[in-house]
file my_file-v2.csv (CSV, N, CA and C atoms and all ligand atoms)
chain,number,residue,atom,x,y,z
A,130,MET,N,-5.9,23.0,38.2
A,130,MET,CA,-5.2,23.5,37.1
A,130,MET,C,-4.8,22.3,36.2
A,131,ARG,N,-5.0,22.5,35.0
A,131,ARG,CA,-4.7,21.5,34.0
A,131,ARG,C,-3.4,21.8,33.3
A,132,VAL,N,-2.5,20.9,33.2
A,132,VAL,CA,-1.2,21.1,32.5
A,132,VAL,C,-1.3,20.3,31.2
A,133,PHE,N,-1.0,20.9,30.1
A,133,PHE,CA,-1.0,20.3,28.8
A,133,PHE,C,0.4,20.0,28.3
A,134,LEU,N,0.6,18.9,27.7
A,134,LEU,CA,1.8,18.7,27.0
A,134,LEU,C,1.7,19.3,25.6
A,135,GLU,N,2.8,19.8,25.1
A,135,GLU,CA,2.8,20.3,23.8
A,135,GLU,C,3.2,19.1,22.8
A,136,ARG,N,2.4,18.9,21.8
A,136,ARG,CA,2.6,17.9,20.9
A,136,ARG,C,2.7,18.5,19.5
A,137,THR,N,3.5,17.8,18.7
A,137,THR,CA,3.6,18.2,17.3
A,137,THR,C,2.7,17.3,16.5
A,138,THR,N,1.7,17.8,15.8
A,138,THR,CA,0.8,17.0,15.1
A,138,THR,C,1.2,17.0,13.6
A,139,LEU,N,1.2,15.9,13.0
A,139,LEU,CA,1.6,15.8,11.6
A,139,LEU,C,0.3,15.9,10.8
A,140,THR,N,0.3,16.8,9.8
A,140,THR,CA,-0.8,17.0,8.9
A,140,THR,C,-0.5,16.4,7.6
A,141,PRO,N,-1.3,15.4,7.1
A,141,PRO,CA,-1.0,14.8,5.8
A,141,PRO,C,-0.9,15.9,4.7
A,142,GLN,N,0.1,15.9,3.9
A,142,GLN,CA,0.1,16.8,2.8
A,142,GLN,C,0.2,16.0,1.5
A,143,LEU,N,-0.6,16.3,0.6
A,143,LEU,CA,-0.6,15.6,-0.7
A,143,LEU,C,0.7,15.9,-1.5
A,144,SER,N,1.4,14.8,-1.8
A,144,SER,CA,2.7,15.0,-2.5
A,144,SER,C,2.7,14.5,-3.9
A,145,ASN,N,1.7,13.6,-4.2
A,145,ASN,CA,1.7,13.1,-5.6
A,145,ASN,C,0.3,12.6,-5.9
A,146,VAL,N,-0.1,12.6,-7.2
A,146,VAL,CA,-1.3,12.1,-7.6
A,146,VAL,C,-1.0,11.1,-8.8
A,147,ARG,N,-1.4,9.9,-8.7
A,147,ARG,CA,-1.1,8.9,-9.8
A,147,ARG,C,-2.4,8.5,-10.4
A,148,CYS,N,-2.5,8.6,-11.7
A,148,CYS,CA,-3.7,8.2,-12.5
A,148,CYS,C,-4.0,6.7,-12.3
A,149,ASN,N,-5.2,6.4,-11.8
A,149,ASN,CA,-5.5,5.0,-11.6
A,149,ASN,C,-5.6,4.2,-12.9
A,150,SER,N,-5.8,4.8,-14.0
A,150,SER,CA,-5.9,4.1,-15.3
A,150,SER,C,-4.6,3.8,-15.9
A,151,CYS,N,-3.8,4.8,-16.1
A,151,CYS,CA,-2.5,4.6,-16.9
A,151,CYS,C,-1.3,4.5,-15.9
A,152,GLY,N,-1.5,4.9,-14.7
A,152,GLY,CA,-0.4,4.8,-13.7
A,152,GLY,C,0.6,6.0,-13.7
A,153,ARG,N,0.3,7.0,-14.6
A,153,ARG,CA,1.2,8.1,-14.8
A,153,ARG,C,1.0,9.1,-13.6
A,154,ASP,N,2.1,9.6,-13.1
A,154,ASP,CA,2.1,10.7,-12.1
A,154,ASP,C,1.5,11.9,-12.8
A,155,VAL,N,0.6,12.5,-12.1
A,155,VAL,CA,0.0,13.8,-12.5
A,155,VAL,C,1.0,14.9,-12.0
A,156,GLU,N,1.7,15.4,-13.0
A,156,GLU,CA,2.9,16.3,-12.7
A,156,GLU,C,2.4,17.6,-12.0
A,157,LYS,N,3.2,18.0,-11.1
A,157,LYS,CA,3.0,19.3,-10.4
A,157,LYS,C,3.4,20.4,-11.3
A,158,GLU,N,2.6,21.4,-11.5
A,158,GLU,CA,3.0,22.6,-12.3
A,158,GLU,C,3.7,23.6,-11.4
A,159,ASP,N,3.1,23.8,-10.3
A,159,ASP,CA,3.7,24.7,-9.3
A,159,ASP,C,3.6,24.0,-7.9
A,160,PRO,N,4.5,24.4,-7.0
A,160,PRO,CA,4.4,23.7,-5.7
A,160,PRO,C,2.9,23.8,-5.1
A,161,GLY,N,2.4,22.7,-4.8
A,161,GLY,CA,1.0,22.7,-4.2
A,161,GLY,C,-0.1,22.6,-5.2
A,162,TYR,N,0.2,22.7,-6.5
A,162,TYR,CA,-0.8,22.5,-7.5
A,162,TYR,C,-0.4,21.4,-8.5
A,163,PHE,N,-1.4,20.7,-8.9
A,163,PHE,CA,-1.2,19.6,-9.8
A,163,PHE,C,-1.8,19.9,-11.2
A,164,GLU,N,-1.3,19.2,-12.2
A,164,GLU,CA,-1.9,19.3,-13.5
A,164,GLU,C,-3.4,18.9,-13.3
A,165,ASP,N,-4.3,19.5,-14.1
A,165,ASP,CA,-5.7,19.2,-13.8
A,165,ASP,C,-6.0,17.8,-14.0
A,166,HIS,N,-6.8,17.2,-13.2
A,166,HIS,CA,-7.2,15.8,-13.2
A,166,HIS,C,-8.6,15.7,-12.6
A,167,ILE,N,-9.1,14.5,-12.6
A,167,ILE,CA,-10.4,14.3,-11.9
A,167,ILE,C,-10.2,13.3,-10.8
A,168,SER,N,-10.9,13.7,-9.6
A,168,SER,CA,-10.9,12.8,-8.5
A,168,SER,C,-12.3,12.5,-8.1
A,169,LEU,N,-12.6,11.2,-8.1
A,169,LEU,CA,-13.9,10.7,-7.8
A,169,LEU,C,-13.9,9.9,-6.5
A,170,THR,N,-14.9,10.1,-5.7
A,170,THR,CA,-15.1,9.3,-4.5
A,170,THR,C,-16.6,8.8,-4.5
A,171,LYS,N,-16.7,7.5,-4.4
A,171,LYS,CA,-18.1,6.9,-4.4
A,171,LYS,C,-18.2,6.0,-3.2
A,172,SER,N,-19.2,6.2,-2.4
A,172,SER,CA,-19.5,5.3,-1.3
A,172,SER,C,-20.7,4.5,-1.8
A,173,TRP,N,-20.5,3.2,-2.0
A,173,TRP,CA,-21.5,2.3,-2.5
A,173,TRP,C,-22.5,1.9,-1.5
A,174,GLY,N,-23.7,1.7,-1.9
A,174,GLY,CA,-24.8,1.4,-1.0
A,174,GLY,C,-25.3,0.0,-1.2
A,175,TYR,N,-26.4,-0.3,-0.5
A,175,TYR,CA,-27.0,-1.6,-0.6
A,175,TYR,C,-27.3,-2.0,-2.0
A,176,HIS,N,-27.3,-3.2,-2.2
A,176,HIS,CA,-27.7,-3.9,-3.5
A,176,HIS,C,-26.7,-3.5,-4.6
A,177,SER,N,-25.6,-3.0,-4.3
A,177,SER,CA,-24.5,-2.8,-5.3
A,177,SER,C,-23.5,-3.9,-5.1
A,178,PRO,N,-22.7,-4.2,-6.0
A,178,PRO,CA,-21.6,-5.2,-5.8
A,178,PRO,C,-20.6,-4.8,-4.9
A,179,TYR,N,-20.6,-3.5,-4.5
A,179,TYR,CA,-19.5,-3.0,-3.5
A,179,TYR,C,-20.2,-2.5,-2.2
A,180,ASP,N,-21.2,-3.1,-1.8
A,180,ASP,CA,-22.0,-2.6,-0.6
A,180,ASP,C,-21.0,-2.3,0.5
A,181,GLY,N,-21.1,-1.0,1.0
A,181,GLY,CA,-20.4,-0.6,2.2
A,181,GLY,C,-18.9,-0.1,1.9
A,182,GLU,N,-18.5,-0.2,0.6
A,182,GLU,CA,-17.2,0.2,0.2
A,182,GLU,C,-17.2,1.6,-0.3
A,183,THR,N,-16.1,2.3,-0.1
A,183,THR,CA,-15.9,3.7,-0.7
A,183,THR,C,-14.7,3.5,-1.6
A,184,HIS,N,-14.9,4.0,-2.8
A,184,HIS,CA,-13.8,3.9,-3.8
A,184,HIS,C,-13.4,5.3,-4.2
A,185,ASP,N,-12.1,5.5,-4.2
A,185,ASP,CA,-11.5,6.8,-4.6
A,185,ASP,C,-10.7,6.5,-5.9
A,186,ILE,N,-10.9,7.3,-6.9
A,186,ILE,CA,-10.2,7.2,-8.2
A,186,ILE,C,-9.7,8.6,-8.6
A,187,ASP,N,-8.5,8.6,-9.2
A,187,ASP,CA,-8.0,9.8,-9.8
A,187,ASP,C,-7.6,9.4,-11.2
A,188,LEU,N,-8.0,10.3,-12.2
A,188,LEU,CA,-7.7,10.1,-13.6
A,188,LEU,C,-7.1,11.3,-14.2
A,189,CYS,N,-6.0,11.1,-15.0
A,189,CYS,CA,-5.4,12.2,-15.7
A,189,CYS,C,-6.4,12.7,-16.8
A,190,VAL,N,-6.1,13.8,-17.4
A,190,VAL,CA,-7.0,14.3,-18.4
A,190,VAL,C,-7.1,13.4,-19.6
A,191,ASP,N,-5.9,12.8,-20.0
A,191,ASP,CA,-6.0,11.9,-21.2
A,191,ASP,C,-6.9,10.7,-20.9
A,192,CYS,N,-6.8,10.1,-19.7
A,192,CYS,CA,-7.6,8.9,-19.4
A,192,CYS,C,-9.1,9.3,-19.2
A,193,TYR,N,-9.3,10.5,-18.7
A,193,TYR,CA,-10.7,11.0,-18.6
A,193,TYR,C,-11.3,11.1,-20.0
A,194,GLN,N,-10.5,11.7,-20.9
A,194,GLN,CA,-11.1,11.9,-22.3
A,194,GLN,C,-11.4,10.5,-22.9
A,195,GLY,N,-10.5,9.6,-22.7
A,195,GLY,CA,-10.7,8.2,-23.3
A,195,GLY,C,-11.9,7.6,-22.7
A,196,TRP,N,-12.1,7.8,-21.4
A,196,TRP,CA,-13.2,7.2,-20.7
A,196,TRP,C,-14.6,7.8,-21.2
A,197,VAL,N,-14.7,9.1,-21.2
A,197,VAL,CA,-16.0,9.7,-21.6
A,197,VAL,C,-16.3,9.6,-23.0
A,198,ASN,N,-15.2,9.4,-23.9
A,198,ASN,CA,-15.5,9.2,-25.3
A,198,ASN,C,-16.2,7.8,-25.5
A,199,GLN,N,-16.2,7.0,-24.5
A,199,GLN,CA,-16.9,5.7,-24.6
A,199,GLN,C,-18.3,5.8,-24.2
A,200,PHE,N,-18.7,6.9,-23.7
A,200,PHE,CA,-20.1,7.1,-23.2
A,200,PHE,C,-21.0,7.2,-24.4
A,201,GLU,N,-22.2,6.6,-24.2
A,201,GLU,CA,-23.3,6.8,-25.2
A,201,GLU,C,-23.8,8.2,-25.1
A,202,ILE,N,-23.9,8.8,-23.9
A,202,ILE,CA,-24.4,10.1,-23.6
A,202,ILE,C,-23.2,10.9,-23.0
A,203,PRO,N,-22.8,12.0,-23.7
A,203,PRO,CA,-21.6,12.7,-23.1
A,203,PRO,C,-21.9,13.4,-21.8
A,204,PRO,N,-20.9,13.8,-21.1
A,204,PRO,CA,-21.2,14.5,-19.8
A,204,PRO,C,-21.9,15.9,-20.1
A,205,TYR,N,-22.7,16.3,-19.1
A,205,TYR,CA,-23.3,17.6,-19.2
A,205,TYR,C,-22.2,18.6,-18.9
A,206,VAL,N,-22.0,19.5,-19.8
A,206,VAL,CA,-20.8,20.4,-19.7
A,206,VAL,C,-21.3,21.8,-19.6
A,207,THR,N,-20.9,22.6,-18.6
A,207,THR,CA,-21.1,24.0,-18.5
A,207,THR,C,-19.8,24.7,-18.5
A,208,CYS,N,-19.8,25.9,-18.9
A,208,CYS,CA,-18.6,26.8,-18.9
A,208,CYS,C,-18.5,27.4,-17.5
A,209,CYS,N,-17.4,27.2,-16.8
A,209,CYS,CA,-17.3,27.7,-15.4
A,209,CYS,C,-17.1,29.2,-15.4
A,210,PHE,N,-16.9,29.8,-16.5
A,210,PHE,CA,-16.7,31.2,-16.6
A,210,PHE,C,-18.1,31.9,-16.8
A,211,THR,N,-18.9,31.4,-17.7
A,211,THR,CA,-20.2,32.0,-18.0
A,211,THR,C,-21.4,31.3,-17.4
A,212,GLY,N,-21.2,30.0,-17.0
A,212,GLY,CA,-22.3,29.2,-16.5
A,212,GLY,C,-23.2,28.7,-17.5
A,213,THR,N,-22.9,28.9,-18.8
A,213,THR,CA,-23.7,28.4,-19.9
A,213,THR,C,-23.3,27.0,-20.3
A,214,ARG,N,-24.2,26.3,-20.9
A,214,ARG,CA,-24.0,25.0,-21.4
A,214,ARG,C,-23.3,25.1,-22.7
A,215,GLU,N,-22.3,24.2,-22.9
A,215,GLU,CA,-21.6,24.1,-24.1
A,215,GLU,C,-22.0,23.0,-25.0
B,301,ZN,ZN,-4.1,8.4,-17.0
call {"tool": "encode", "arguments": {"input": "my_file-v2.csv", "output": "structure tokens"}}
result
Amino acid sequence: MRVFLERTTLTPQLSNVRCNSCGRDVEKEDPGYFEDHISLTKSWGYHSPYDGETHDIDLCVDCYQGWVNQFEIPPYVTCCFTGTRE
């Protein structure tokens, strides 16, 4: 017979998102939901300057807009409601 101890396990819960670019907190609109923002995770591979590193970045909408406005080629955009390209 095996006897198990009961343990309380803590589950991490996201409590805040801070924009990596401007440092602003992405405000919660409702409990559990944040103002829309972008979260990027990139695991860098061989021959990159960040070989073996994983980078996580969060950007607020304003900083995302400022970032993509610098692009020579804009992001490929589709409408999530219709699936069509805008
Ligand atoms: Zn920002």
call {"tool": "residues_around", "arguments": {"input": "my_file-v2.csv", "residues": "Arg147 (chain A)", "least_positions_apart": "6", "cutoff": "7 Å", "atoms": "only N, CA and C atoms", "output": "list in words"}}
result
Arg153, Asp154, Val155, Asp187, Leu188 and Cys189 of chain A
call {"tool": "closest_residue", "arguments": {"input": "my_file-v2.csv", "among": "A:Asp191, A:Glu156, A:Glu201, A:Asp185", "to": "ligand ZN 301 (chain B)", "atoms": "only N, CA and C atoms and all ligand atoms"}}
result
A:Asp191
call {"tool": "closest_residue", "arguments": {"input": "my_file-v2.csv", "among": "A:Thr137, A:Ser150, A:Ser144, A:Ser172", "to": "ligand ZN 301 (chain B)", "atoms": "only N, CA and C atoms and all ligand atoms"}}
result
A:Ser150
call {"tool": "atom_distance", "arguments": {"input": "my_file-v2.csv", "atom1": "CA of His166 (chain A)", "atom2": "CA of Val197 (chain A)"}}
result
13.6 Å
call {"tool": "closest_residue", "arguments": {"input": "my_file-v2.csv", "among": "A:Ile167, A:Trp173, A:Cys148, A:Cys209", "to": "ligand ZN 301 (chain B)", "atoms": "only C-alpha atoms and all ligand atoms"}}
result
A:Cys148
call {"tool": "atom_distance", "arguments": {"input": "my_file-v2.csv", "atom1": "atom N of Tyr162 (chain A)", "atom2": "atom C of Asn198 (chain A)"}}
result
29.2 Å
call {"tool": "closest_residue", "arguments": {"input": "my_file-v2.csv", "among": "A:Pro178, A:Pro141, A:Pro203, A:Gly152", "to": "ligand ZN 301 (chain B)", "atoms": "all atoms listed in the file"}}
result
A:Gly152
call {"tool": "residues_near_point", "arguments": {"input": "my_file-v2.csv", "point": "(-19.7, 0.6, -1.4)", "cutoff": "6 Å", "atoms": "only N, CA and C atoms", "output": "PyMOL selection string"}}
result
chain A and resi 171-174+179-183
call {"tool": "select_by_dssp", "arguments": {"input": "my_file-v2.csv", "residues": "chain A", "states": "helix (DSSP H, G or I)", "output": "PyMOL selection string"}}
result
chain A and resi 190-197
call {"tool": "closest_residue", "arguments": {"input": "my_file-v2.csv", "among": "A:Cys151, A:Cys208, A:Gln142, A:Glu135", "to": "Cys192 (chain A)", "atoms": "only N, CA and C atoms"}}
result
A:Cys151
